[in-house]
Structures are given as structure tokens and as C-alpha cells.
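Asks: Okay, handing you the structure first.
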Amino acid sequence: MAAVQPTPAAAPPLLACRGLAFARNDEPVFGPLGFALAPGQALQVLGGNGRGKTTLLRVLAGLLPATAGEVAFEGRVVDRDHLARGCAFLGHLHGHKGELSTLENLRFARALQGGTGDPEQALAEVGLAGHEDTLARRLSAGQNKRLALARLRLTGARLWLLDEPYANLDLAGIALVNRLISEHVAARGSVLLTTHGAYAAPPVPVQTLELGA
Amino acid sequence: MSGADGSLATIARAQLARDFRLVWRRRGDALQPILFALLVVVLFPLALGAEPQRLARIAPGVLWVAVLLSGLLTLDTLFRGDLEDGSLEQMMLSRVPLSLLVALRILAHWCVSALPLILVTPVLGELLHLPRALLPPLMLSLLLGTPLLSLVGAVVAALTVGIRRSGMLLAVLALPLFVPVLVFGAGAVEAAAQGLPWAGALYLLAAGLALSLVLAPLAAATALRIALS
């Protein structure tokens with residue numbers, strides 16, 4: 001079901017799963033899955049709507065308890081809370097407060113994640129320069145996505161979990177996601193992203209994991 | 001370890017600042033429960049007639065009920081916004097425990113919904129001809145009782161946050177838990193009015209507050225985790 005690739009013995013995989021499965025009300029959603037993600041690797045989770053891509057990411061982010069199996073982070077088998085602290089998660093909901101400006105949203109996100117980046121610079125990098133004082137609820141769907149992407153520039157997390165990062169974005173936005181992923185992978189970070197296959201893969205070495213085939 | 005403590009303080013400050021800023025941006029909404037409590041208190045003399053003795057007798061109960069109901073009004077929104085816009089997910093992914101963030105959220109809620117009412121209680125007491133001697137026990141019972149209401153209410157709000165239009169359910173679940181607080185809070189003032197010792201009920205409220213300060217954030221955080229899954 002899943003492609004397991006051997007990883008170099010020197011560096012333990014950043015994220016490794018064995019027999020990972022999730023069931024909701026005894027209905028299996030995905031799994032059992034096994035894969036390993038080495039530092040500097042990207043993994044693309046493919047699958048149609050309702051195949052459990054988002055659920056897999058939420059389990060890996062520690063937002064949902066896995067029904068079976070274990071997850072190792074940096075070579076150690078860890079629990080939910082540890083997973084939650086170690087990753088940056090970009091979901092369908094952006095987690096912005098509409099009544100706060102873009103900059104205020106980013107400053108709060110940085111404090112919450114304990115990141116070190118510069119929020120104003122991050123805004124400029126995602127093409128929102130000049131919108132520092134715009135309330136988040138006045139942004140378009142694509143701009144909101146860009147604001148969520150800006151959060152990735154602030155966090156120090158090595159593992160990025162991106163759920164449909166290309167959704168709502170224009171061509172420049174898709175290029176932006178690809179650039180963010182390339183830079184993160186070049187810095188020996190790992191990215192796990194879901195797409196339903198309609199978009200091109202990011203321009204980095206990518207493993208794929210097909211769900212619900 | 002000092003680095004972790006520092007970041008804890010930073011996160012706590014950021015969370016409180018965010019909550020207060022959000023309230024300020026929607027200050028019309030925030031004012032609503034306070035106005036509600038004021039209206040209830042003002043309407044009582046109009047409905048019962050301005051007979052000082054009668055008003056003085058019911059004043060502690062009226063003030064307590066008004067504060068309790070206005071707190072109930074805002075309870076439903078305590079975590080709903082954070083759940084719907086995904087802020088709750090990001091809070092769960094933070095490096096600090098969710099229960100701490102929840103505790104800060106409750107603190108902000110109490111500061112906005114209950115503290116202003118406690119501050120204007122002397123004025124409201126005047127409206128109801130509350131004897132001056134009863135003001136200290138009333139203020140003390142409110143100071144101990146309203147945080148307890150916020151904490152217990154937050155657990156119920158967290159339990160029902162996953163259910164749409166849960167306002168009614170929330171009220172039905174929360175009210176039985178609020179009753180003891182109301183009984184002891186208003187009871188202390190009643191005892192003081194009759195010249196009886198009134199400290200006992202306040203000690204019970206304080207004990208309840210100490211217990212729920214520790215347990216309620218943990219319970220609410222657990223309920224929120226369940227709501228998210």
C-alpha cells in the first residue's frame with residue numbers, strides 16, 4: 001500500500017510510521033501505512049476526495065489519536081503531544097482571526113510556535129507587502145492562504161505538514177509554495193503534503209504515497 | 001529551563017493580548033452581556049415598585065442572578081470562534097500545554113464579562129437600596145463566585161463546542177452546576193443581612209474556586225481535544 005524507502009543509517013528519518021491506521025467509529029479511514037521521511041525529503045500524499053489524506057495529516061500533527069501503529073519522530077517513538085510540538089501544520093482552516101490585521105495574526109502565530117522569523121519580512125515574501133494593517137477578514141481566499149504560508153517562514157519546525165497547499169492559489173502562488181518547499185528541503189527540513197493530483201509535484205525529490213488505491 | 005519559562009511567559013502574554021484586542025475590536029458584542037445585567041437590575045425596581053425595604057431584601061439575589069445569566073450569555077462563544085477558524089488547531093500545536101492557553105482564555109473571558117459588573121456592583125446596589133453593610137459580603141462572594149462560574153462554564157462550553165447551535169444545551173448543562181455557586185454566593189449575603197456569620201459559605205466558594213482553578217482548564221482542554229477529533 002505504501003512505498004517504504006530505505007533511509008541512510010547515519011541520520012534517522014525525521015518521521016517514520018509503522019502500521020499507522022485510523023478508524024472513525026470502527027470504519028477504517030486509512031492504513032495500515034508505513035513510510036519513512038528522511039531530513040531533506042518531501043512526501044506527497046495522493047488520493048481522491050475522502051480517501052483520508054487530511055485525516056492522515058491530522059494524525060501526524062497529533063491532532064487525532066492514531067487507532068493503531070506507531071510514529072517515530074527523529075528516531076524516537078513519540079506520543080501525540082510530542083508530535084504536535086514538532087511540526088508546522090497548515091490545514092484547511094487557516095487559524096487567522098478576521099478581526100486582527102495580517103501582521104497581528106503573524107505575531108501571535110510566531111509567539112505561539114516559538115518561532116524566530118521576522119513577521120514583516122515573511123509577509124513581504126508571500127506577496128502581502130503593503131497589507132500589514134489589513135484585517136484578515138478583508139483578504140481574499142488566496143491572500144488568506146498566503147498569510148497562512150507566511151506562518152511557515154516564522155516557525156523553526158523541521159517537519160511541515162501541508163494539507164492541500166496549492167488550493168485557492170494563483171500561478172504565482174503555486175510558484176511561491178514550490179519555492180518555500182524547495183528552500184525548506186534544501187535546509188534539511190521535511191515536507192509532507194497532500195494533493196488530489198491535479199497539481200504538479202514540487203520541484204524537489206518527492207516520494208509519493210497513494211491512499212485508498 | 002529559564003528559556004522555557006521565558007517562552008511560556010511570552011506565549012501567555014501574546015494570548016492575553018490577542019484576546020483583549022479581539023474584544024476591543026468587537027466591543028459592541030462584548031458590551032451586550034453587561035448591558036443585559038444592568039437592564040435586569042434596573043427593571044426590578046420598576047416592576048416591584050420602589051419600596052426600599054422590599055428591594056433591599058431581594059437585592060443580593062437579583063444582583064447574583066443578573067451576573068450569572070449575563071455570564072451564561074457569552075459562554076457559548078468562548079471557544080466557538082477559535083474552533084471554527086482553526087485557531088484551536090494552532091493552539092493545540094503550540095509548545096505550551098493547551099490547558100494553560102485555555103486557562104488564559106477563561107481569565108480573559110472573566111475580565112471582560114464579570115469584572116466590569118463587579119466593579120459597578122456598588123452603584124447597582126444603590127439602585128436596589130442594598131444596605132451599605134452588605135456590600136463587602138456581596139462583593140467578596142461575587143469575586144470568589146464569578147471566576148468559579150467562568151471555569152465551570154468553560155468546561156461545559158468545551159464539551160458542547162462541537163455541536164452546532166448548542167446554546168440551549170449549554171444552558172441546560174451549565175445551570176445545575178451554577179446553582180450551588182448561586183446558593184452559596186447569595187446565601188452568604190443573606191446570612192450577613194440576618195446578622196449571622198457569613199464567612200462559611202465564602203470559604204466553600206473559595207475551596208470550589210481553588211479546585212476548579214486546577215481541574216477546569218485540564219478538563220476543558222481534554223474536552224476540546226475530543227471536540228476536534
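Residues are named by chain letter and number: chains run A, B, ... in the order of the C-alpha cells, numbers start at 1 in each chain, and ligands are numbered from 1 in the order shown.
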With a cut-off of 7 Å and counting only C-alpha atoms, select all residues of chain A in contact with chain B and give the selection as a list of chain:residue names.
Replies: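 Listing them in order of chain and number gives A:Leu64, A:Ala84, A:Arg85, A:Leu93, A:His94, A:Gly95, A:His96, A:Glu99, A:Phe108, A:Ala111, A:Leu112, A:Gln113, A:Gly114.
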Asks: Could you save the residues just selected, with C-alpha atoms, as an mmCIF file, in the first residue's frame?
Replies:
data_model
loop_
_atom_site.group_PDB
_atom_site.id
_atom_site.type_symbol
_atom_site.label_atom_id
_atom_site.label_comp_id
_atom_site.auth_asym_id
_atom_site.auth_seq_id
_atom_site.Cartn_x
_atom_site.Cartn_y
_atom_site.Cartn_z
ATOM 1 C CA LEU A 64 -6.068 12.992 16.256
ATOM 2 C CA ALA A 84 2.125 18.433 17.947
ATOM 3 C CA ARG A 85 5.107 20.384 19.222
ATOM 4 C CA LEU A 93 -8.687 26.279 8.323
ATOM 5 C CA HIS A 94 -6.026 28.921 8.442
ATOM 6 C CA GLY A 95 -6.316 29.804 12.104
ATOM 7 C CA HIS A 96 -6.425 33.546 11.493
ATOM 8 C CA GLU A 99 -10.631 40.953 13.385
ATOM 9 C CA PHE A 108 0.604 35.855 17.552
ATOM 10 C CA ALA A 111 4.669 33.667 19.764
ATOM 11 C CA LEU A 112 2.511 30.542 19.850
ATOM 12 C CA GLN A 113 5.009 28.460 17.869
ATOM 13 C CA GLY A 114 8.063 29.978 19.490
#
Asks: List the spatial neighbours of Leu55 (chain B) as a ChimeraX atom specification - criterion: any atom at most 12 Å away, only C-alpha atoms, same-chain residues fewer than 2 positions off excluded.
Replies: /B:41-53,57-63,124-131
Asks: Can you pull out the residues contacting Gly75 (chain A)? Cut-off 9 Å, using only C-alpha atoms, and skip same-chain residues under 6 positions away; I want them as a list in words.
Replies: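 The filter keeps Ala11, Pro12, Pro13, Leu14, Leu15 and Ala16 of chain A.
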Asks: Let's have the selection written as a PDB file, in the first residue's frame, with N, CA and C atoms.
Replies:
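The new file part.pdb reads:
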ATOM      1  N   ALA A  11      21.669   9.078   9.539  1.00  0.00           N
ATOM      2  CA  ALA A  11      20.669  10.012  10.051  1.00  0.00           C
ATOM      3  C   ALA A  11      19.346   9.278  10.184  1.00  0.00           C
ATOM      4  N   PRO A  12      18.764   9.255  11.378  1.00  0.00           N
ATOM      5  CA  PRO A  12      17.463   8.613  11.496  1.00  0.00           C
ATOM      6  C   PRO A  12      16.432   9.428  10.728  1.00  0.00           C
ATOM      7  N   PRO A  13      15.417   8.756  10.199  1.00  0.00           N
ATOM      8  CA  PRO A  13      14.397   9.522   9.480  1.00  0.00           C
ATOM      9  C   PRO A  13      13.735  10.516  10.421  1.00  0.00           C
ATOM     10  N   LEU A  14      13.377  11.670   9.868  1.00  0.00           N
ATOM     11  CA  LEU A  14      12.724  12.689  10.681  1.00  0.00           C
ATOM     12  C   LEU A  14      11.383  12.157  11.171  1.00  0.00           C
ATOM     13  N   LEU A  15      10.718  11.456  10.265  1.00  0.00           N
ATOM     14  CA  LEU A  15       9.400  10.932  10.605  1.00  0.00           C
ATOM     15  C   LEU A  15       9.300   9.522  10.035  1.00  0.00           C
ATOM     16  N   ALA A  16       8.892   8.585  10.869  1.00  0.00           N
ATOM     17  CA  ALA A  16       8.715   7.226  10.383  1.00  0.00           C
ATOM     18  C   ALA A  16       7.452   6.651  11.003  1.00  0.00           C
TER      19      ALA A  16
END
Asks: Quick one: distance from CA of Leu175 (chain B) to CA of Leu151 (chain B) in Å, one decimal?
Replies: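 Calculated distance between CA of Leu175 (chain B) and CA of Leu151 (chain B) is 13.2 Å.
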Asks: Contacts of Arg80 (chain A) at 8 Å or less, counting only C-alpha atoms, minus same-chain residues fewer than 3 places along, as a ChimeraX atom specification?
Replies: /A:61-65,83-84
Asks: What is the CA of Leu123 (chain A) to CA of Leu154 (chain A) distance in Å?
Replies: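 CA of Leu154 (chain A) lies 10.1 Å from CA of Leu123 (chain A).
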Asks: Which polymer residues have any atom within 8 Å of an atom of Arg151 (chain A), counting only C-alpha atoms, with same-chain residues fewer than 4 positions away left out, as a tab-separated table (two decimals) with N, CA and C atoms, in the first residue's frame?
Replies:
chain	number	residue	atom	x	y	z
A	106	LEU	N	0.22	37.22	12.44
A	106	LEU	CA	1.53	36.56	12.32
A	106	LEU	C	2.32	36.67	13.60
A	109	ALA	N	0.99	34.12	15.90
A	109	ALA	CA	1.39	32.77	15.47
A	109	ALA	C	2.85	32.51	15.83
A	110	ARG	N	3.69	33.56	15.68
A	110	ARG	CA	5.10	33.38	16.00
A	110	ARG	C	5.28	33.12	17.49
A	122	ALA	N	8.29	38.09	6.44
A	122	ALA	CA	7.54	36.93	5.98
A	122	ALA	C	6.35	37.37	5.13
A	147	LEU	N	-1.22	34.22	3.66
A	147	LEU	CA	-0.93	34.59	5.05
A	147	LEU	C	-0.60	33.34	5.87
A	155	THR	N	8.23	29.71	11.70
A	155	THR	CA	8.40	28.60	12.61
A	155	THR	C	9.78	27.98	12.46
Asks: For CA of Gly48 (chain A) and CA of Glu70 (chain A), quote the distance in Å rounded to one decimal.
Replies: 24.9 Å
Asks: From the set B:Val161, B:Val152, B:Leu209, B:Leu204, which residue has the shortest atom-to-atom contact distance to Asp76 (chain B), counting only C-alpha atoms?
Replies: B:Val161
